[in-house]
$ cat target23.cif   # mmCIF, C-alpha atoms
data_final
#
loop_
_atom_site.group_PDB
_atom_site.id
_atom_site.type_symbol
_atom_site.label_atom_id
_atom_site.label_comp_id
_atom_site.auth_asym_id
_atom_site.auth_seq_id
_atom_site.Cartn_x
_atom_site.Cartn_y
_atom_site.Cartn_z
ATOM 1 C CA MET A 1 0.000 0.000 0.000
ATOM 2 C CA ALA A 2 2.932 2.366 0.601
ATOM 3 C CA ASP A 3 3.952 4.273 -2.542
ATOM 4 C CA ARG A 4 6.281 1.949 -4.453
ATOM 5 C CA ARG A 5 8.163 4.924 -5.884
ATOM 6 C CA LEU A 6 8.917 6.121 -2.367
ATOM 7 C CA GLN A 7 10.114 2.669 -1.256
ATOM 8 C CA VAL A 8 12.449 2.384 -4.227
ATOM 9 C CA PHE A 9 13.761 5.941 -3.799
ATOM 10 C CA TYR A 10 14.385 5.327 -0.085
ATOM 11 C CA THR A 11 16.409 2.181 -0.801
ATOM 12 C CA VAL A 12 18.534 3.918 -3.447
ATOM 13 C CA ALA A 13 19.119 6.859 -1.101
ATOM 14 C CA LYS A 14 20.083 4.504 1.718
ATOM 15 C CA VAL A 15 22.794 2.689 -0.222
ATOM 16 C CA LEU A 16 23.547 5.468 -2.763
ATOM 17 C CA SER A 17 23.639 2.943 -5.559
ATOM 18 C CA PHE A 18 21.024 1.982 -8.163
ATOM 19 C CA THR A 19 22.733 -1.384 -8.648
ATOM 20 C CA LYS A 20 22.776 -2.309 -4.947
ATOM 21 C CA ALA A 21 19.205 -1.075 -4.526
ATOM 22 C CA ALA A 22 18.092 -3.278 -7.416
ATOM 23 C CA GLU A 23 19.738 -6.290 -5.770
ATOM 24 C CA THR A 24 18.133 -5.508 -2.410
ATOM 25 C CA LEU A 25 14.667 -5.026 -3.923
ATOM 26 C CA HIS A 26 15.005 -7.975 -6.316
ATOM 27 C CA MET A 27 14.298 -5.657 -9.246
ATOM 28 C CA THR A 28 16.145 -4.871 -12.456
ATOM 29 C CA GLN A 29 18.225 -1.702 -12.471
ATOM 30 C CA PRO A 30 16.119 -0.131 -15.274
ATOM 31 C CA ALA A 31 12.988 -0.737 -13.166
ATOM 32 C CA VAL A 32 14.596 0.994 -10.173
ATOM 33 C CA THR A 33 15.701 3.919 -12.352
ATOM 34 C CA PHE A 34 12.178 4.207 -13.794
ATOM 35 C CA GLN A 35 10.555 4.363 -10.323
ATOM 36 C CA VAL A 36 12.959 7.090 -9.183
ATOM 37 C CA LYS A 37 12.394 9.028 -12.405
ATOM 38 C CA GLN A 38 8.618 8.829 -11.826
ATOM 39 C CA LEU A 39 9.071 10.328 -8.352
ATOM 40 C CA GLU A 40 11.319 13.071 -9.724
ATOM 41 C CA GLU A 41 8.665 13.905 -12.332
ATOM 42 C CA PHE A 42 6.035 14.025 -9.574
ATOM 43 C CA PHE A 43 8.075 16.590 -7.625
ATOM 44 C CA ASN A 44 9.310 18.240 -10.838
ATOM 45 C CA THR A 45 12.900 18.266 -9.564
ATOM 46 C CA ARG A 46 15.961 16.050 -9.436
ATOM 47 C CA LEU A 47 16.389 14.012 -6.249
ATOM 48 C CA PHE A 48 19.872 12.711 -7.074
ATOM 49 C CA ASP A 49 22.984 14.278 -8.569
ATOM 50 C CA ARG A 50 24.701 11.795 -10.871
ATOM 51 C CA THR A 51 28.387 12.478 -11.607
ATOM 52 C CA HIS A 52 31.252 10.128 -12.520
ATOM 53 C CA ASN A 53 29.329 6.951 -11.660
ATOM 54 C CA LYS A 54 28.568 8.355 -8.217
ATOM 55 C CA ILE A 55 25.208 9.567 -6.888
ATOM 56 C CA THR A 56 24.434 11.988 -4.072
ATOM 57 C CA LEU A 57 21.172 13.408 -2.767
ATOM 58 C CA THR A 58 20.172 16.896 -3.861
ATOM 59 C CA ASP A 59 18.694 19.264 -1.280
ATOM 60 C CA ALA A 60 15.222 18.176 -2.423
ATOM 61 C CA GLY A 61 16.317 14.546 -2.215
ATOM 62 C CA LYS A 62 17.421 15.017 1.393
ATOM 63 C CA VAL A 63 13.982 16.384 2.288
ATOM 64 C CA VAL A 64 12.177 13.506 0.556
ATOM 65 C CA TYR A 65 14.511 10.978 2.180
ATOM 66 C CA ALA A 66 13.833 12.314 5.707
ATOM 67 C CA TYR A 67 10.059 12.167 5.177
ATOM 68 C CA ALA A 68 10.228 8.793 3.394
ATOM 69 C CA GLU A 69 11.917 7.245 6.410
ATOM 70 C CA LYS A 70 9.121 8.466 8.695
ATOM 71 C CA ILE A 71 6.326 7.546 6.257
ATOM 72 C CA LEU A 72 7.583 3.998 5.695
ATOM 73 C CA ASP A 73 8.120 3.478 9.421
ATOM 74 C CA HIS A 74 4.567 4.671 10.209
ATOM 75 C CA TYR A 75 3.226 2.430 7.471
ATOM 76 C CA GLU A 76 4.910 -0.595 9.047
ATOM 77 C CA LYS A 77 3.491 0.312 12.459
ATOM 78 C CA MET A 78 -0.017 0.798 11.045
ATOM 79 C CA ASN A 79 0.108 -2.485 9.170
ATOM 80 C CA SER A 80 1.392 -4.392 12.194
ATOM 81 C CA GLU A 81 -1.161 -2.927 14.620
ATOM 82 C CA VAL A 82 -4.079 -3.783 12.322
ATOM 83 C CA ARG A 83 -2.733 -7.320 11.835
ATOM 84 C CA GLU A 84 -2.362 -7.586 15.618
ATOM 85 C CA LEU A 85 -6.062 -6.823 16.046
ATOM 86 C CA THR A 86 -7.095 -9.409 13.480
ATOM 87 C CA GLY A 87 -4.633 -12.012 14.762
ATOM 88 C CA GLU A 88 -2.912 -12.363 11.387
ATOM 89 C CA VAL A 89 0.792 -12.897 10.909
ATOM 90 C CA THR A 90 1.428 -11.764 7.345
ATOM 91 C CA GLY A 91 3.799 -9.597 5.371
ATOM 92 C CA SER A 92 7.233 -9.807 3.827
ATOM 93 C CA LEU A 93 10.495 -10.334 5.656
ATOM 94 C CA LEU A 94 13.956 -9.665 4.297
ATOM 95 C CA ILE A 95 16.566 -11.778 6.048
ATOM 96 C CA GLY A 96 20.319 -11.639 5.600
ATOM 97 C CA ALA A 97 22.584 -14.557 6.409
ATOM 98 C CA SER A 98 26.283 -15.230 6.189
ATOM 99 C CA THR A 99 27.274 -17.978 3.788
ATOM 100 C CA THR A 100 27.675 -20.956 6.133
ATOM 101 C CA ILE A 101 24.373 -20.290 7.882
ATOM 102 C CA ALA A 102 22.508 -19.636 4.623
ATOM 103 C CA GLU A 103 23.731 -22.900 3.096
ATOM 104 C CA TYR A 104 23.581 -25.254 6.073
ATOM 105 C CA MET A 105 21.076 -23.930 8.645
ATOM 106 C CA LEU A 106 18.453 -21.637 7.165
ATOM 107 C CA PRO A 107 16.818 -23.894 4.537
ATOM 108 C CA SER A 108 15.371 -26.265 7.150
ATOM 109 C CA LEU A 109 14.584 -23.431 9.600
ATOM 110 C CA LEU A 110 12.734 -21.319 7.035
ATOM 111 C CA GLY A 111 10.926 -24.385 5.694
ATOM 112 C CA ALA A 112 9.614 -25.194 9.175
ATOM 113 C CA PHE A 113 8.649 -21.538 9.742
ATOM 114 C CA LYS A 114 6.690 -21.353 6.456
ATOM 115 C CA LYS A 115 4.642 -24.416 7.419
ATOM 116 C CA GLN A 116 3.501 -22.578 10.552
ATOM 117 C CA PHE A 117 3.133 -19.099 8.993
ATOM 118 C CA GLU A 118 2.074 -19.654 5.375
ATOM 119 C CA ASP A 119 1.173 -16.005 4.708
ATOM 120 C CA VAL A 120 4.622 -14.619 5.493
ATOM 121 C CA ASN A 121 6.813 -14.107 2.428
ATOM 122 C CA ILE A 122 10.531 -14.443 3.075
ATOM 123 C CA ARG A 123 13.400 -13.165 0.946
ATOM 124 C CA LEU A 124 16.971 -14.111 1.724
ATOM 125 C CA GLN A 125 20.124 -12.076 1.106
ATOM 126 C CA VAL A 126 23.395 -13.993 1.341
ATOM 127 C CA GLY A 127 26.764 -12.363 2.015
ATOM 128 C CA ASN A 128 29.711 -12.560 4.340
ATOM 129 C CA THR A 129 29.312 -11.477 7.964
ATOM 130 C CA ASP A 130 30.606 -7.921 7.396
ATOM 131 C CA ALA A 131 28.085 -7.383 4.596
ATOM 132 C CA ILE A 132 25.130 -8.727 6.602
ATOM 133 C CA VAL A 133 25.934 -6.621 9.682
ATOM 134 C CA ALA A 134 26.204 -3.536 7.423
ATOM 135 C CA MET A 135 22.789 -4.351 5.895
ATOM 136 C CA VAL A 136 21.216 -4.544 9.379
ATOM 137 C CA GLU A 137 22.888 -1.268 10.372
ATOM 138 C CA ASN A 138 21.661 0.470 7.225
ATOM 139 C CA ASN A 139 18.102 -0.809 7.679
ATOM 140 C CA MET A 140 18.243 -2.817 4.441
ATOM 141 C CA ILE A 141 17.126 -6.092 6.047
ATOM 142 C CA ASP A 142 14.843 -6.964 8.974
ATOM 143 C CA LEU A 143 17.059 -9.579 10.562
ATOM 144 C CA GLY A 144 20.612 -10.861 10.150
ATOM 145 C CA VAL A 145 21.988 -14.267 11.115
ATOM 146 C CA VAL A 146 25.781 -14.331 11.295
ATOM 147 C CA GLU A 147 28.669 -16.566 12.293
ATOM 148 C CA ALA A 148 31.131 -14.265 14.054
ATOM 149 C CA PRO A 149 31.072 -12.097 17.195
ATOM 150 C CA VAL A 150 29.293 -8.761 16.672
ATOM 151 C CA TYR A 151 30.488 -5.832 18.792
ATOM 152 C CA ASN A 152 28.084 -3.047 17.870
ATOM 153 C CA LYS A 153 26.218 -1.025 20.492
ATOM 154 C CA ASN A 154 23.546 0.002 17.982
ATOM 155 C CA LEU A 155 22.520 -3.589 17.282
ATOM 156 C CA GLU A 156 20.715 -6.177 19.351
ATOM 157 C CA VAL A 157 22.629 -9.453 19.249
ATOM 158 C CA GLU A 158 21.395 -12.804 20.556
ATOM 159 C CA VAL A 159 23.719 -15.795 20.448
ATOM 160 C CA CYS A 160 21.798 -18.845 19.266
ATOM 161 C CA ARG A 161 24.407 -21.580 19.663
ATOM 162 C CA LEU A 162 28.135 -22.202 19.655
ATOM 163 C CA ASP A 163 29.745 -23.788 16.625
ATOM 164 C CA GLU A 164 33.005 -25.731 16.624
ATOM 165 C CA MET A 165 35.691 -24.997 14.040
ATOM 166 C CA VAL A 166 37.806 -27.982 12.944
ATOM 167 C CA LEU A 167 40.750 -28.631 10.646
ATOM 168 C CA ILE A 168 39.837 -30.664 7.566
ATOM 169 C CA VAL A 169 42.426 -32.621 5.589
ATOM 170 C CA PRO A 170 42.362 -35.117 2.699
ATOM 171 C CA GLU A 171 41.866 -38.759 3.709
ATOM 172 C CA LYS A 172 45.536 -39.714 3.220
ATOM 173 C CA HIS A 173 47.108 -36.528 4.573
ATOM 174 C CA PRO A 174 49.977 -36.869 7.139
ATOM 175 C CA LEU A 175 47.684 -35.283 9.788
ATOM 176 C CA ALA A 176 44.659 -37.473 8.990
ATOM 177 C CA ASN A 177 45.095 -39.821 11.967
ATOM 178 C CA ARG A 178 45.694 -37.096 14.547
ATOM 179 C CA ASP A 179 43.158 -36.468 17.340
ATOM 180 C CA LYS A 180 44.073 -32.789 17.628
ATOM 181 C CA VAL A 181 46.422 -30.305 15.977
ATOM 182 C CA SER A 182 47.918 -26.877 16.778
ATOM 183 C CA VAL A 183 48.292 -23.812 14.566
ATOM 184 C CA GLU A 184 52.076 -24.279 14.742
ATOM 185 C CA GLU A 185 51.627 -27.646 12.991
ATOM 186 C CA ILE A 186 49.060 -26.336 10.498
ATOM 187 C CA ARG A 187 51.484 -23.698 9.184
ATOM 188 C CA LYS A 188 53.751 -26.462 7.846
ATOM 189 C CA TYR A 189 51.223 -27.382 5.140
ATOM 190 C CA PRO A 190 49.519 -25.568 2.199
ATOM 191 C CA TYR A 191 46.459 -23.801 3.622
ATOM 192 C CA ILE A 192 43.140 -22.805 2.007
ATOM 193 C CA SER A 193 41.465 -19.717 3.469
ATOM 194 C CA ARG A 194 38.082 -18.029 3.253
ATOM 195 C CA GLU A 195 37.941 -14.517 1.777
ATOM 196 C CA GLU A 196 38.515 -11.365 3.820
ATOM 197 C CA GLY A 197 35.240 -10.185 5.417
ATOM 198 C CA SER A 198 34.035 -13.746 5.997
ATOM 199 C CA GLY A 199 32.879 -14.530 9.541
ATOM 200 C CA SER A 200 34.903 -17.740 9.462
ATOM 201 C CA ARG A 201 38.020 -15.858 8.368
ATOM 202 C CA SER A 202 37.736 -13.224 11.107
ATOM 203 C CA VAL A 203 37.221 -15.833 13.847
ATOM 204 C CA ILE A 204 40.171 -17.910 12.599
ATOM 205 C CA ASP A 205 42.415 -14.827 12.276
ATOM 206 C CA HIS A 206 41.639 -13.846 15.876
ATOM 207 C CA TYR A 207 42.298 -17.423 17.044
ATOM 208 C CA ILE A 208 45.682 -17.507 15.268
ATOM 209 C CA ARG A 209 46.698 -14.218 16.915
ATOM 210 C CA GLU A 210 45.791 -15.680 20.309
ATOM 211 C CA GLN A 211 48.315 -18.450 19.584
ATOM 212 C CA GLY A 212 51.034 -15.829 19.038
ATOM 213 C CA LEU A 213 51.031 -16.059 15.237
ATOM 214 C CA SER A 214 49.355 -14.153 12.378
ATOM 215 C CA TYR A 215 47.552 -14.914 9.133
ATOM 216 C CA SER A 216 50.761 -14.192 7.209
ATOM 217 C CA ASP A 217 52.470 -17.066 9.058
ATOM 218 C CA LEU A 218 50.194 -19.563 7.302
ATOM 219 C CA ASN A 219 51.199 -21.050 3.957
ATOM 220 C CA VAL A 220 48.087 -19.734 2.185
ATOM 221 C CA VAL A 221 47.868 -21.135 -1.347
ATOM 222 C CA MET A 222 44.277 -20.160 -2.126
ATOM 223 C CA GLU A 223 41.395 -17.980 -0.863
ATOM 224 C CA MET A 224 37.845 -19.196 -1.541
ATOM 225 C CA GLY A 225 34.439 -17.507 -1.300
ATOM 226 C CA SER A 226 32.333 -20.333 0.166
ATOM 227 C CA PRO A 227 32.571 -23.395 2.449
ATOM 228 C CA GLU A 228 31.726 -25.688 -0.472
ATOM 229 C CA ALA A 229 34.618 -24.347 -2.537
ATOM 230 C CA VAL A 230 36.988 -24.775 0.408
ATOM 231 C CA LYS A 231 35.926 -28.392 0.983
ATOM 232 C CA MET A 232 36.247 -29.256 -2.708
ATOM 233 C CA ALA A 233 39.777 -27.851 -2.755
ATOM 234 C CA VAL A 234 40.695 -29.914 0.314
ATOM 235 C CA GLU A 235 39.202 -33.048 -1.275
ATOM 236 C CA ALA A 236 41.344 -32.332 -4.347
ATOM 237 C CA ASP A 237 44.427 -32.254 -2.071
ATOM 238 C CA VAL A 238 45.169 -28.577 -2.804
ATOM 239 C CA GLY A 239 45.650 -27.902 0.897
ATOM 240 C CA ILE A 240 44.092 -28.095 4.363
ATOM 241 C CA ALA A 241 41.542 -25.719 5.908
ATOM 242 C CA ILE A 242 39.714 -24.719 9.084
ATOM 243 C CA VAL A 243 35.930 -24.842 8.661
ATOM 244 C CA SER A 244 32.728 -25.140 10.670
ATOM 245 C CA ARG A 245 31.908 -28.662 11.823
ATOM 246 C CA THR A 246 28.350 -27.890 10.666
ATOM 247 C CA THR A 247 29.520 -27.933 7.047
ATOM 248 C CA THR A 248 31.334 -31.292 7.136
ATOM 249 C CA VAL A 249 28.542 -33.822 7.818
ATOM 250 C CA LYS A 250 28.190 -35.121 4.250
ATOM 251 C CA GLU A 251 31.922 -35.368 3.515
ATOM 252 C CA LEU A 252 32.680 -37.128 6.810
ATOM 253 C CA LYS A 253 29.994 -39.734 6.058
ATOM 254 C CA LEU A 254 31.494 -40.287 2.605
ATOM 255 C CA GLY A 255 34.998 -40.454 4.045
ATOM 256 C CA SER A 256 36.376 -37.934 1.542
ATOM 257 C CA ILE A 257 37.948 -35.791 4.291
ATOM 258 C CA LYS A 258 39.020 -36.111 7.916
ATOM 259 C CA ALA A 259 38.105 -33.567 10.627
ATOM 260 C CA ILE A 260 40.586 -32.893 13.431
ATOM 261 C CA THR A 261 39.945 -30.943 16.653
ATOM 262 C CA LEU A 262 42.037 -27.813 17.072
ATOM 263 C CA ASP A 263 44.351 -27.504 20.072
ATOM 264 C CA PRO A 264 43.231 -25.438 21.894
ATOM 265 C CA PRO A 265 39.617 -25.896 20.708
ATOM 266 C CA LEU A 266 37.981 -23.085 18.691
ATOM 267 C CA GLN A 267 34.325 -22.138 18.996
ATOM 268 C CA ARG A 268 32.346 -19.274 17.512
ATOM 269 C CA PRO A 269 28.785 -17.988 17.941
ATOM 270 C CA PHE A 270 25.875 -18.223 15.534
ATOM 271 C CA SER A 271 23.877 -15.056 16.307
ATOM 272 C CA HIS A 272 20.688 -13.198 15.366
ATOM 273 C CA VAL A 273 21.292 -9.485 14.765
ATOM 274 C CA ARG A 274 18.765 -6.666 14.414
ATOM 275 C CA GLN A 275 18.496 -2.950 15.089
ATOM 276 C CA LYS A 276 17.806 -2.066 18.726
ATOM 277 C CA HIS A 277 15.360 0.753 18.240
ATOM 278 C CA LYS A 278 13.674 -0.196 14.994
ATOM 279 C CA PHE A 279 9.948 -0.916 15.133
ATOM 280 C CA ARG A 280 9.572 -4.693 15.020
ATOM 281 C CA HIS A 281 7.021 -6.003 12.540
ATOM 282 C CA ARG A 282 4.982 -8.776 14.175
ATOM 283 C CA ALA A 283 6.227 -11.284 11.604
ATOM 284 C CA VAL A 284 9.829 -10.387 12.543
ATOM 285 C CA GLY A 285 9.047 -11.050 16.203
ATOM 286 C CA GLU A 286 7.466 -14.407 15.361
ATOM 287 C CA LEU A 287 10.396 -15.391 13.171
ATOM 288 C CA LEU A 288 12.959 -14.340 15.774
ATOM 289 C CA GLU A 289 11.223 -16.308 18.522
ATOM 290 C CA PHE A 290 10.786 -19.308 16.212
ATOM 291 C CA ALA A 291 14.412 -19.143 15.026
ATOM 292 C CA VAL A 292 15.859 -18.985 18.557
ATOM 293 C CA ASP A 293 13.808 -21.996 19.720
ATOM 294 C CA TYR A 294 14.480 -23.974 16.529
ATOM 295 C CA CYS A 295 18.201 -23.224 16.624
ATOM 296 C CA LYS A 296 18.512 -24.374 20.237
ATOM 297 C CA GLU A 297 16.511 -27.549 19.594
ATOM 298 C CA LYS A 298 18.713 -28.486 16.632
ATOM 299 C CA ALA A 299 21.862 -27.648 18.588
ATOM 300 C CA VAL A 300 20.878 -30.141 21.294
ATOM 301 C CA GLU A 301 19.943 -32.786 18.686
ATOM 302 C CA GLN A 302 23.269 -32.384 16.851
ATOM 303 C CA GLY A 303 25.438 -32.197 19.975
ATOM 304 C CA PHE A 304 26.383 -28.509 19.744
ATOM 305 C CA GLN A 305 26.893 -26.434 22.863
ATOM 306 C CA LEU A 306 24.244 -23.926 23.935
ATOM 307 C CA PRO A 307 25.558 -20.492 24.948
ATOM 308 C CA SER A 308 25.847 -19.576 28.629
ATOM 309 C CA GLU A 309 25.378 -16.054 30.010
ATOM 310 C CA GLU A 310 29.155 -15.727 30.024
ATOM 311 C CA ASP A 311 29.250 -16.697 26.325
ATOM 312 C CA MET A 312 26.599 -14.073 25.529
ATOM 313 C CA LYS A 313 28.747 -11.357 27.123
ATOM 314 C CA LYS A 314 31.931 -12.667 25.546
ATOM 315 C CA TYR A 315 30.585 -12.599 21.985
ATOM 316 C CA THR A 316 28.544 -9.380 22.130
ATOM 317 C CA SER A 317 30.588 -7.067 24.401
ATOM 318 C CA ARG A 318 33.763 -5.508 23.053
ATOM 319 C CA LYS A 319 36.803 -6.022 25.224
ATOM 320 C CA SER A 320 39.685 -3.607 25.314
ATOM 321 C CA THR A 321 41.903 -6.083 23.461
ATOM 322 C CA ALA A 322 39.246 -7.309 21.014
ATOM 323 C CA SER A 323 38.517 -5.991 17.570
ATOM 324 C CA ASN A 324 35.478 -6.278 15.348
ATOM 325 C CA ASP A 325 37.247 -8.326 12.666
#

$ encode --input "target23.cif" --output "C-alpha cells"
Amino acid sequence: MADRRLQVFYTVAKVLSFTKAAETLHMTQPAVTFQVKQLEEFFNTRLFDRTHNKITLTDAGKVVYAYAEKILDHYEKMNSEVRELTGEVTGSLLIGASTTIAEYMLPSLLGAFKKQFEDVNIRLQVGNTDAIVAMVENNMIDLGVVEAPVYNKNLEVEVCRLDEMVLIVPEKHPLANRDKVSVEEIRKYPYISREEGSGSRSVIDHYIREQGLSYSDLNVVMEMGSPEAVKMAVEADVGIAIVSRTTTVKELKLGSIKAITLDPPLQRPFSHVRQKHKFRHRAVGELLEFAVDYCKEKAVEQGFQLPSEEDMKKYTSRKSTASND
C-alpha cells in the first residue's frame, strides 16, 4: 500500500547505488531507475545528482529521504497494529545470512517456519558477515543471522548456539590420523582460506593471533568464497583448511575428508542481529522467537553447545583487546 516509488527511492538513497538497490529489492536496475524518475517527475525536480558513476542526494532529495523514512516506518506500524487486532501474521520479511548459515542452517529453519506461517513471504540475502551486519545497520534487512562475534552497540545481538571450528584434511594426509592439531603444525602445510570479510576468516584470524602467530604465518595457497569451494579444494588435495563442523557432515559420512579438533579448541557464535530501536514487525518477532527456539533444539539434537550467560557477554561485548574483525 505504501507508494512503491517512495520505497524504491528510499532504498537507493540509503545505499547510494542503483545497482545495490536493485539487488536488495530484487528488481532490475532499469525498473529501479524508472521508479525514481517517476518520483522526480512528480516533484518536478531532481532528487539525485549523478556524476562520474557516483550519486548523491540533492537538497530536495534530502527532504524527501527524511520524510520517506518516517512515512515507511509509520506504514509498518499501522500495518502491524491492524494485523495484531485481526490475529494475522502476514507480510514480507527480508533476512540476511552469512554464507555458512545460509547454506547449512536456514533452509530447514525457514521451511519449518513457512509451514507454521504460510502467509509470510521471506526473501533471503546472502553475504559474508561484514556485509550482513552492514545491511542490518543500514536498515536494508529486517534480521541478520551471522557466524562471528558482533560488537556493535547500535545492534541487538542474541547468540543462538556455539559452533566448533575444525581442521579438515584429505583422507591420506599426514595429519589425517591425529586427534588434535595446533596452529604451529598447520602452518607447515599448504592452507586454504576463506575470503577477507568472511565470519569464518575473522574468527580464525583472531584465534591464530591468540596463539602468538598471524595470518601471514600460514602457507596460504588459495582464498575461496564459500565453504563448499573450500571443501572441494581440500578433497582435491590442494591444501588443508579450518571450517565449521556444521559444514562437514556429508563429507565425513562419505569419508572424503578427515576432521581434526584444534588444540586449543575453537568455537564461535551463531547469532541473530537486528536494530535495537527499529519498530519490530509482528512477523519479525514471530520469526525471531521461532528461530531462537528452533536453533537451540537443533543444537541439542546435533550435539552442539548452547551459549551460557558468560558466552553471551563474551561474543557481544567488546573487550579492550578485542577488535570487530

$ resolve_selection --input "target23.cif" --expression "the PyMOL selection byres ((chain A and resi 23) around 12)" --output "list of chain:residue names"
A:Val8, A:Thr11, A:Val12, A:Val15, A:Ser17, A:Phe18, A:Thr19, A:Lys20, A:Ala21, A:Ala22, A:Thr24, A:Leu25, A:His26, A:Met27, A:Thr28, A:Gln29, A:Pro30, A:Ala31, A:Val32, A:Arg123, A:Leu124, A:Gln125, A:Val126, A:Met140

$ resolve_selection --input "target23.cif" --expression "the PyMOL selection byres ((chain A and resi 270) around 7)" --output "PDB file with C-alpha atoms, keeping the file's coordinate frame"
ATOM      1  CA  VAL A 146      25.781 -14.331  11.295  1.00  0.00           C
ATOM      2  CA  GLU A 147      28.669 -16.566  12.293  1.00  0.00           C
ATOM      3  CA  ALA A 148      31.131 -14.265  14.054  1.00  0.00           C
ATOM      4  CA  VAL A 159      23.719 -15.795  20.448  1.00  0.00           C
ATOM      5  CA  CYS A 160      21.798 -18.845  19.266  1.00  0.00           C
ATOM      6  CA  ARG A 161      24.407 -21.580  19.663  1.00  0.00           C
ATOM      7  CA  LEU A 162      28.135 -22.202  19.655  1.00  0.00           C
ATOM      8  CA  ASP A 163      29.745 -23.788  16.625  1.00  0.00           C
ATOM      9  CA  ARG A 268      32.346 -19.274  17.512  1.00  0.00           C
ATOM     10  CA  PRO A 269      28.785 -17.988  17.941  1.00  0.00           C
ATOM     11  CA  SER A 271      23.877 -15.056  16.307  1.00  0.00           C
TER      12      SER A 271
END

$ resolve_selection --input "target23.cif" --expression "the PyMOL selection byres ((chain A and resi 40-50) around 12)" --output "PyMOL selection string"
chain A and resi 5-6+9-10+12-13+16-18+33-39+51-65

$ closest_atom_pairs --input "target23.cif" --of "stretch 224-278 of chain A" --to "stretch 173-176 of chain A" --cutoff "8 Å" --atoms "only C-alpha atoms" --output "Markdown table"
| residue | atom | partner | partner_atom | distance |
| --- | --- | --- | --- | --- |
| A:Lys258 | CA | A:Ala176 | CA | 5.9 |
| A:Ala259 | CA | A:Ala176 | CA | 7.8 |
| A:Ile260 | CA | A:Ala176 | CA | 7.6 |

$ residues_around --input "target23.cif" --residues "A:Asn219" --least-positions-apart "5" --cutoff "7 Å" --atoms "all atoms listed in the file" --output "MDAnalysis selection string"
chainID A and resid 187 189:191

$ residues_around --input "target23.cif" --residues "A:Gly197" --least-positions-apart "2" --cutoff "9 Å" --atoms "all atoms listed in the file" --output "list of chain:residue names"
A:Asn128, A:Thr129, A:Asp130, A:Ala131, A:Arg194, A:Glu195, A:Gly199, A:Ser200, A:Arg201, A:Ser202, A:Asp325

$ closest_residue --input "target23.cif" --among "A:Glu210, A:Glu185, A:Asp293, A:Glu81" --to "A:Leu306" --atoms "all atoms listed in the file"
A:Asp293

$ residues_around --input "target23.cif" --residues "A:Lys276" --least-positions-apart "4" --cutoff "10 Å" --atoms "only C-alpha atoms" --output "ChimeraX atom specification"
/A:137,153-157,280

$ write_last_selection --input "target23.cif" --atoms "C-alpha atoms" --output "short mmCIF file (atom, residue, chain, number, x, y, z; two decimals), in the frame of the given file"
data_model
loop_
_atom_site.label_atom_id
_atom_site.label_comp_id
_atom_site.auth_asym_id
_atom_site.auth_seq_id
_atom_site.Cartn_x
_atom_site.Cartn_y
_atom_site.Cartn_z
CA GLU A 137 22.89 -1.27 10.37
CA LYS A 153 26.22 -1.02 20.49
CA ASN A 154 23.55 0.00 17.98
CA LEU A 155 22.52 -3.59 17.28
CA GLU A 156 20.72 -6.18 19.35
CA VAL A 157 22.63 -9.45 19.25
CA ARG A 280 9.57 -4.69 15.02
#

$ closest_residue --input "target23.cif" --among "A:Ser98, A:Gln116, A:Ser92, A:Asn139" --to "A:Val284" --atoms "all atoms listed in the file"
A:Ser92

$ atom_distance --input "target23.cif" --atom1 "atom CA of A:Met165" --atom2 "atom CA of A:Val181"
12.1 Å

$ atom_distance --input "target23.cif" --atom1 "atom CA of A:Ala299" --atom2 "atom CA of A:Lys180"
22.8 Å

$ closest_residue --input "target23.cif" --among "A:Ser226, A:Ser182, A:Ser198, A:Thr316" --to "A:Leu266" --atoms "all atoms listed in the file"
A:Ser182

$ axis_aligned_box --input "target23.cif" --around "stretch 38-42 of chain A" --padding-each-side "5 Å" --output "lines of an AutoDock Vina configuration file"
center_x = 8.7
center_y = 11.4
center_z = -10.3
size_x = 15.3
size_y = 15.2
size_z = 14.0

$ decode --input "target23.cif" --residues "stretch 131-141 of chain A" --atoms "N, CA and C atoms" --output "short mmCIF file (atom, residue, chain, number, x, y, z; two decimals), in the first residue's frame"
data_model
loop_
_atom_site.label_atom_id
_atom_site.label_comp_id
_atom_site.auth_asym_id
_atom_site.auth_seq_id
_atom_site.Cartn_x
_atom_site.Cartn_y
_atom_site.Cartn_z
N ALA A 131 29.13 -7.92 5.47
CA ALA A 131 28.09 -7.38 4.60
C ALA A 131 26.72 -7.45 5.27
N ILE A 132 26.44 -8.55 5.96
CA ILE A 132 25.13 -8.73 6.60
C ILE A 132 24.96 -7.75 7.76
N VAL A 133 26.01 -7.58 8.57
CA VAL A 133 25.93 -6.62 9.68
C VAL A 133 25.72 -5.21 9.14
N ALA A 134 26.38 -4.86 8.04
CA ALA A 134 26.20 -3.54 7.42
C ALA A 134 24.77 -3.36 6.93
N MET A 135 24.18 -4.42 6.37
CA MET A 135 22.79 -4.35 5.89
C MET A 135 21.82 -4.11 7.05
N VAL A 136 22.07 -4.76 8.20
CA VAL A 136 21.22 -4.54 9.38
C VAL A 136 21.36 -3.10 9.85
N GLU A 137 22.61 -2.64 9.93
CA GLU A 137 22.89 -1.27 10.37
C GLU A 137 22.21 -0.23 9.49
N ASN A 138 22.22 -0.48 8.19
CA ASN A 138 21.66 0.47 7.22
C ASN A 138 20.18 0.25 6.95
N ASN A 139 19.55 -0.61 7.78
CA ASN A 139 18.10 -0.81 7.68
C ASN A 139 17.68 -1.40 6.33
N MET A 140 18.56 -2.20 5.73
CA MET A 140 18.24 -2.82 4.44
C MET A 140 17.59 -4.18 4.60
N ILE A 141 17.76 -4.80 5.76
CA ILE A 141 17.13 -6.09 6.05
C ILE A 141 16.51 -6.05 7.44
#
